[in-house]
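All remarks here apply to the structure that follows.
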Amino acid sequence: MQFVSRVPAVIYARILDNKVVLQGFLEPKGPHPEKYAAAASNDSAGARLGVNMTALTSKGVESFWLDYKGGQEVKRMNTLVDQLDGYRLEEIEKRSNRFLGAAPGRGSPIDMYT
C-alpha cells in the first residue's frame, strides 16, 4: 500500500540524504490525536492510525506527524487498519468505505473501492 503525503517545502528542504523513518501508531480504540487520514470521521477505522516521520535535517533530528486530506485515503487507511486488526480480505470486502486494490483489466489498472 502506498502512502501519500505532502511534506511542507520548508521542511523537505532541510532533510539530509533524502532518508526518513516512518512509524505508524495505532490507537486501540478511538481516533489517534494526529490521525493520518485527516478527512476520516472519528468513528472510522482509519482514524485510529497516526504516521510519524523522523529525519536528519540541517537542524538535527526532527519528527513530524504526517496527514493527508484526500477522501480516498480514508478508504485506504480503513483497509490497512482492518488488516492490522487481523481481518481477512473476504471480511474487508463486505465493509463500506474500503480500498480493495486494483481491478485487473486492459491498460491501466482501475482502483476498486467499497
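So you can find residues: chains in the C-alpha cells are A, B, ... in the order shown, residues in each start at 1, and ligands are numbered from 1 in order.
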
Go through stretch 4-62 of chain A and flag each residue having an atom no more than 8 Å from stretch 73-83 of chain A; for those, report the closest pair of atoms plus their distance in Å to one decimal, using only C-alpha atoms, ordered by chain and rising number, as a Markdown table.
| residue | atom | partner | partner_atom | distance |
| --- | --- | --- | --- | --- |
| A:Ala37 | CA | A:Val74 | CA | 5.3 |
| A:Ala38 | CA | A:Val74 | CA | 7.9 |
| A:Ala39 | CA | A:Val74 | CA | 6.6 |
| A:Ala40 | CA | A:Val74 | CA | 5.5 |
| A:Ser44 | CA | A:Asn78 | CA | 6.9 |
| A:Ala45 | CA | A:Asn78 | CA | 4.9 |
| A:Gly46 | CA | A:Asn78 | CA | 4.1 |
| A:Ala47 | CA | A:Asn78 | CA | 7.8 |
| A:Arg48 | CA | A:Val81 | CA | 7.7 |
| A:Leu49 | CA | A:Val81 | CA | 7.3 |

Selection above as a file: all heavy atoms, as a CSV table (one decimal), in the first residue's frame:
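So again_21.csv came out as:
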chain,number,residue,atom,x,y,z
A,37,ALA,N,-5.2,10.0,8.2
A,37,ALA,CA,-6.3,10.2,7.3
A,37,ALA,C,-7.2,11.4,7.9
A,37,ALA,O,-8.1,11.2,8.6
A,37,ALA,CB,-7.2,9.0,7.1
A,38,ALA,N,-6.7,12.6,7.5
A,38,ALA,CA,-7.3,13.8,8.2
A,38,ALA,C,-8.8,13.9,7.9
A,38,ALA,O,-9.5,14.5,8.8
A,38,ALA,CB,-6.6,15.1,7.7
A,39,ALA,N,-9.3,13.4,6.8
A,39,ALA,CA,-10.7,13.5,6.5
A,39,ALA,C,-11.6,12.4,7.1
A,39,ALA,O,-12.8,12.4,7.0
A,39,ALA,CB,-10.9,13.5,5.0
A,40,ALA,N,-10.9,11.5,7.8
A,40,ALA,CA,-11.7,10.3,8.4
A,40,ALA,C,-12.5,10.8,9.6
A,40,ALA,O,-12.1,11.6,10.4
A,40,ALA,CB,-10.7,9.3,8.9
A,44,SER,N,-14.3,6.1,12.3
A,44,SER,CA,-13.8,5.4,11.2
A,44,SER,C,-12.5,4.6,11.6
A,44,SER,O,-11.7,5.1,12.4
A,44,SER,CB,-13.4,6.4,10.0
A,44,SER,OG,-12.7,5.7,9.0
A,45,ALA,N,-12.3,3.4,11.1
A,45,ALA,CA,-11.2,2.6,11.5
A,45,ALA,C,-9.9,3.3,11.1
A,45,ALA,O,-8.9,3.3,11.9
A,45,ALA,CB,-11.2,1.2,10.7
A,46,GLY,N,-9.8,4.0,10.0
A,46,GLY,CA,-8.6,4.7,9.6
A,46,GLY,C,-8.2,5.8,10.5
A,46,GLY,O,-7.1,6.2,10.5
A,47,ALA,N,-9.2,6.3,11.3
A,47,ALA,CA,-8.9,7.4,12.2
A,47,ALA,C,-8.0,7.0,13.3
A,47,ALA,O,-7.4,7.8,14.0
A,47,ALA,CB,-10.1,8.0,12.7
A,48,ARG,N,-7.8,5.7,13.5
A,48,ARG,CA,-7.0,5.2,14.6
A,48,ARG,C,-5.5,5.2,14.4
A,48,ARG,O,-4.7,5.0,15.3
A,48,ARG,CB,-7.4,3.7,15.0
A,48,ARG,CG,-8.8,3.6,15.5
A,48,ARG,CD,-9.3,2.2,15.7
A,48,ARG,NE,-8.2,1.3,16.2
A,48,ARG,CZ,-8.1,0.0,15.9
A,48,ARG,NH1,-8.9,-0.5,15.1
A,48,ARG,NH2,-7.1,-0.7,16.4
A,49,LEU,N,-5.1,5.5,13.1
A,49,LEU,CA,-3.7,5.4,12.7
A,49,LEU,C,-3.1,6.8,12.6
A,49,LEU,O,-3.6,7.7,11.9
A,49,LEU,CB,-3.6,4.7,11.3
A,49,LEU,CG,-2.2,4.5,10.8
A,49,LEU,CD1,-1.4,3.6,11.6
A,49,LEU,CD2,-2.3,4.0,9.3

Write down as a list in words the residues of stretch 31-112 of chain A whose backbone DSSP state falls under alpha helix (DSSP H). Gly71, Gln72, Glu73, Val74, Lys75, Arg76, Met77, Asn78, Thr79, Leu80, Val81, Asp82, Gln83, Leu84, Leu89, Glu90, Glu91 and Ile92 of chain A

Would you save the residues of that selection, restricted to N, CA and C atoms, as a PDB file, in the first residue's frame?
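Dumped everything to result25.pdb:
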ATOM      1  N   GLY A  71     -10.157  12.171   0.365  1.00  0.00           N
ATOM      2  CA  GLY A  71     -11.203  11.239   0.781  1.00  0.00           C
ATOM      3  C   GLY A  71     -10.896   9.781   0.482  1.00  0.00           C
ATOM      4  N   GLN A  72     -10.227   9.512  -0.627  1.00  0.00           N
ATOM      5  CA  GLN A  72      -9.907   8.116  -0.956  1.00  0.00           C
ATOM      6  C   GLN A  72      -8.874   7.556   0.024  1.00  0.00           C
ATOM      7  N   GLU A  73      -8.060   8.434   0.598  1.00  0.00           N
ATOM      8  CA  GLU A  73      -7.056   7.967   1.565  1.00  0.00           C
ATOM      9  C   GLU A  73      -7.723   7.401   2.817  1.00  0.00           C
ATOM     10  N   VAL A  74      -8.898   7.915   3.165  1.00  0.00           N
ATOM     11  CA  VAL A  74      -9.652   7.368   4.292  1.00  0.00           C
ATOM     12  C   VAL A  74      -9.955   5.895   4.027  1.00  0.00           C
ATOM     13  N   LYS A  75     -10.383   5.591   2.819  1.00  0.00           N
ATOM     14  CA  LYS A  75     -10.718   4.205   2.471  1.00  0.00           C
ATOM     15  C   LYS A  75      -9.477   3.309   2.521  1.00  0.00           C
ATOM     16  N   ARG A  76      -8.354   3.824   2.059  1.00  0.00           N
ATOM     17  CA  ARG A  76      -7.105   3.055   2.108  1.00  0.00           C
ATOM     18  C   ARG A  76      -6.690   2.784   3.553  1.00  0.00           C
ATOM     19  N   MET A  77      -6.796   3.792   4.409  1.00  0.00           N
ATOM     20  CA  MET A  77      -6.399   3.623   5.810  1.00  0.00           C
ATOM     21  C   MET A  77      -7.386   2.739   6.564  1.00  0.00           C
ATOM     22  N   ASN A  78      -8.686   2.814   6.230  1.00  0.00           N
ATOM     23  CA  ASN A  78      -9.653   1.882   6.818  1.00  0.00           C
ATOM     24  C   ASN A  78      -9.239   0.445   6.521  1.00  0.00           C
ATOM     25  N   THR A  79      -8.852   0.188   5.282  1.00  0.00           N
ATOM     26  CA  THR A  79      -8.443  -1.160   4.873  1.00  0.00           C
ATOM     27  C   THR A  79      -7.164  -1.579   5.584  1.00  0.00           C
ATOM     28  N   LEU A  80      -6.183  -0.688   5.655  1.00  0.00           N
ATOM     29  CA  LEU A  80      -4.924  -1.015   6.333  1.00  0.00           C
ATOM     30  C   LEU A  80      -5.167  -1.343   7.801  1.00  0.00           C
ATOM     31  N   VAL A  81      -5.969  -0.540   8.482  1.00  0.00           N
ATOM     32  CA  VAL A  81      -6.255  -0.793   9.895  1.00  0.00           C
ATOM     33  C   VAL A  81      -7.009  -2.109  10.062  1.00  0.00           C
ATOM     34  N   ASP A  82      -7.953  -2.409   9.170  1.00  0.00           N
ATOM     35  CA  ASP A  82      -8.644  -3.711   9.209  1.00  0.00           C
ATOM     36  C   ASP A  82      -7.637  -4.849   9.105  1.00  0.00           C
ATOM     37  N   GLN A  83      -6.670  -4.719   8.182  1.00  0.00           N
ATOM     38  CA  GLN A  83      -5.649  -5.758   8.017  1.00  0.00           C
ATOM     39  C   GLN A  83      -4.789  -5.880   9.273  1.00  0.00           C
ATOM     40  N   LEU A  84      -4.407  -4.758   9.862  1.00  0.00           N
ATOM     41  CA  LEU A  84      -3.620  -4.788  11.094  1.00  0.00           C
ATOM     42  C   LEU A  84      -4.404  -5.414  12.241  1.00  0.00           C
ATOM     43  N   LEU A  89      -9.395 -10.555   3.806  1.00  0.00           N
ATOM     44  CA  LEU A  89      -9.886  -9.782   2.667  1.00  0.00           C
ATOM     45  C   LEU A  89     -11.380 -10.019   2.437  1.00  0.00           C
ATOM     46  N   GLU A  90     -11.838 -11.265   2.613  1.00  0.00           N
ATOM     47  CA  GLU A  90     -13.252 -11.582   2.402  1.00  0.00           C
ATOM     48  C   GLU A  90     -14.141 -10.779   3.359  1.00  0.00           C
ATOM     49  N   GLU A  91     -13.664 -10.538   4.572  1.00  0.00           N
ATOM     50  CA  GLU A  91     -14.429  -9.743   5.538  1.00  0.00           C
ATOM     51  C   GLU A  91     -14.352  -8.251   5.197  1.00  0.00           C
ATOM     52  N   ILE A  92     -13.180  -7.803   4.790  1.00  0.00           N
ATOM     53  CA  ILE A  92     -12.969  -6.387   4.465  1.00  0.00           C
ATOM     54  C   ILE A  92     -13.819  -5.977   3.271  1.00  0.00           C
TER      55      ILE A  92
END

Please provide the set of residues having any atom within 10 Å of A:Phe64, restricted to only C-alpha atoms, with same-chain residues fewer than 2 positions apart removed, written as a ChimeraX atom specification. /A:7,11,22,51-55,62,66-67

Env of A:Leu56: 8 Å cut, atoms = only C-alpha atoms, seq-sep filter 2 positions within chain, self excluded. Answer as a ChimeraX atom specification. /A:15-16,19-20,54,58-62

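Note that atom CA of A:Tyr36 and atom CA of A:Arg14 are 22.0 Å apart.
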
If you run DSSP on this backbone, which residues of chain A come out as strand (DSSP E), and could you give them as a PyMOL selection string? chain A and resi 15-26+49-57+60-66+99-103+110-113

Print the selection's residues with N, CA, C and O atoms to a file, as a short mmCIF file (atom, residue, chain, number, x, y, z; two decimals), in the first residue's frame.
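File written: out.cif
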data_model
loop_
_atom_site.label_atom_id
_atom_site.label_comp_id
_atom_site.auth_asym_id
_atom_site.auth_seq_id
_atom_site.Cartn_x
_atom_site.Cartn_y
_atom_site.Cartn_z
N ILE A 15 15.80 18.28 4.92
CA ILE A 15 16.11 16.85 5.07
C ILE A 15 17.42 16.53 4.37
O ILE A 15 17.62 16.86 3.21
N LEU A 16 18.31 15.86 5.10
CA LEU A 16 19.61 15.48 4.55
C LEU A 16 19.55 14.05 4.02
O LEU A 16 18.88 13.19 4.58
N ASP A 17 20.24 13.77 2.95
CA ASP A 17 20.40 12.43 2.37
C ASP A 17 19.10 11.80 1.89
O ASP A 17 19.07 10.62 1.58
N ASN A 18 18.00 12.55 1.85
CA ASN A 18 16.70 12.02 1.38
C ASN A 18 16.31 10.72 2.07
O ASN A 18 15.71 9.84 1.46
N LYS A 19 16.66 10.59 3.34
CA LYS A 19 16.31 9.39 4.11
C LYS A 19 15.42 9.79 5.27
O LYS A 19 15.70 10.76 5.98
N VAL A 20 14.33 9.05 5.44
CA VAL A 20 13.40 9.29 6.54
C VAL A 20 13.00 7.95 7.16
O VAL A 20 13.14 6.90 6.54
N VAL A 21 12.51 8.00 8.38
CA VAL A 21 11.96 6.83 9.05
C VAL A 21 10.48 7.12 9.28
O VAL A 21 10.13 8.17 9.83
N LEU A 22 9.63 6.21 8.85
CA LEU A 22 8.18 6.32 9.08
C LEU A 22 7.78 5.33 10.16
O LEU A 22 8.21 4.18 10.14
N GLN A 23 6.96 5.79 11.10
CA GLN A 23 6.43 4.92 12.14
C GLN A 23 4.92 5.09 12.19
O GLN A 23 4.43 6.23 12.14
N GLY A 24 4.23 3.98 12.26
CA GLY A 24 2.78 4.01 12.42
C GLY A 24 2.42 3.77 13.87
O GLY A 24 3.04 2.94 14.54
N PHE A 25 1.43 4.49 14.35
CA PHE A 25 0.95 4.36 15.72
C PHE A 25 -0.55 4.12 15.66
O PHE A 25 -1.29 4.94 15.15
N LEU A 26 -0.97 2.97 16.18
CA LEU A 26 -2.37 2.56 16.10
C LEU A 26 -3.02 2.64 17.48
O LEU A 26 -2.58 1.97 18.41
N LEU A 49 -5.13 5.50 13.09
CA LEU A 49 -3.72 5.42 12.68
C LEU A 49 -3.08 6.80 12.58
O LEU A 49 -3.59 7.70 11.92
N GLY A 50 -1.95 6.96 13.25
CA GLY A 50 -1.11 8.14 13.12
C GLY A 50 0.21 7.73 12.49
O GLY A 50 0.72 6.65 12.77
N VAL A 51 0.77 8.57 11.63
CA VAL A 51 2.05 8.26 10.96
C VAL A 51 3.03 9.38 11.25
O VAL A 51 2.75 10.55 10.98
N ASN A 52 4.17 9.00 11.82
CA ASN A 52 5.19 9.96 12.19
C ASN A 52 6.42 9.75 11.31
O ASN A 52 6.82 8.63 11.04
N MET A 53 6.99 10.87 10.85
CA MET A 53 8.21 10.83 10.04
C MET A 53 9.33 11.47 10.84
O MET A 53 9.18 12.56 11.39
N THR A 54 10.45 10.77 10.93
CA THR A 54 11.65 11.29 11.59
C THR A 54 12.74 11.37 10.54
O THR A 54 12.91 10.45 9.74
N ALA A 55 13.47 12.48 10.55
CA ALA A 55 14.52 12.67 9.55
C ALA A 55 15.68 13.46 10.17
O ALA A 55 15.50 14.26 11.08
N LEU A 56 16.86 13.20 9.64
CA LEU A 56 18.02 14.01 9.97
C LEU A 56 17.96 15.23 9.07
O LEU A 56 17.94 15.12 7.85
N THR A 57 17.89 16.40 9.69
CA THR A 57 17.77 17.63 8.93
C THR A 57 18.94 18.55 9.26
O THR A 57 19.76 18.24 10.14
N GLY A 60 19.18 19.10 12.87
CA GLY A 60 19.31 17.93 13.73
C GLY A 60 18.21 16.93 13.42
O GLY A 60 17.60 16.97 12.35
N VAL A 61 17.92 16.05 14.36
CA VAL A 61 16.86 15.06 14.16
C VAL A 61 15.52 15.73 14.47
O VAL A 61 15.34 16.30 15.54
N GLU A 62 14.61 15.66 13.52
CA GLU A 62 13.28 16.25 13.68
C GLU A 62 12.21 15.22 13.37
O GLU A 62 12.40 14.36 12.52
N SER A 63 11.09 15.34 14.07
CA SER A 63 9.93 14.46 13.84
C SER A 63 8.73 15.30 13.46
O SER A 63 8.54 16.40 13.99
N PHE A 64 7.91 14.74 12.56
CA PHE A 64 6.72 15.43 12.06
C PHE A 64 5.59 14.42 11.94
O PHE A 64 5.81 13.29 11.49
N TRP A 65 4.38 14.81 12.31
CA TRP A 65 3.21 13.99 12.06
C TRP A 65 2.73 14.26 10.65
O TRP A 65 2.60 15.40 10.24
N LEU A 66 2.49 13.21 9.89
CA LEU A 66 2.00 13.34 8.52
C LEU A 66 0.49 13.23 8.50
O LEU A 66 -0.11 12.53 9.31
N PHE A 99 -10.71 0.22 0.48
CA PHE A 99 -9.95 0.13 -0.76
C PHE A 99 -9.62 -1.32 -1.01
O PHE A 99 -9.07 -1.99 -0.13
N LEU A 100 -9.94 -1.82 -2.20
CA LEU A 100 -9.75 -3.24 -2.49
C LEU A 100 -8.61 -3.51 -3.46
O LEU A 100 -8.45 -4.62 -3.92
N GLY A 101 -7.83 -2.52 -3.80
CA GLY A 101 -6.72 -2.73 -4.72
C GLY A 101 -7.13 -2.43 -6.14
O GLY A 101 -8.19 -1.87 -6.41
N ALA A 102 -6.28 -2.84 -7.05
CA ALA A 102 -6.51 -2.56 -8.46
C ALA A 102 -7.27 -3.71 -9.11
O ALA A 102 -6.97 -4.88 -8.88
N ALA A 103 -8.25 -3.36 -9.93
CA ALA A 103 -9.02 -4.37 -10.67
C ALA A 103 -8.22 -4.78 -11.90
O ALA A 103 -7.65 -3.92 -12.58
N ILE A 110 -7.55 -0.16 -12.63
CA ILE A 110 -8.57 0.72 -12.05
C ILE A 110 -8.70 0.36 -10.58
O ILE A 110 -8.91 -0.80 -10.22
N ASP A 111 -8.57 1.35 -9.70
CA ASP A 111 -8.72 1.10 -8.28
C ASP A 111 -10.17 0.77 -7.96
O ASP A 111 -11.09 1.36 -8.51
N MET A 112 -10.36 -0.19 -7.03
CA MET A 112 -11.70 -0.60 -6.62
C MET A 112 -11.92 -0.21 -5.17
O MET A 112 -11.06 -0.44 -4.32
N TYR A 113 -13.07 0.38 -4.87
CA TYR A 113 -13.43 0.78 -3.53
C TYR A 113 -14.81 0.23 -3.20
O TYR A 113 -15.59 -0.06 -4.08
#

Atom CA of A:Lys69 to atom CA of A:Gly86: how many Å, to one decimal? 25.8 Å

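Atom CA of A:Tyr12 to atom CA of A:Pro33 spans 23.3 Å [interatomic distance, one decimal].
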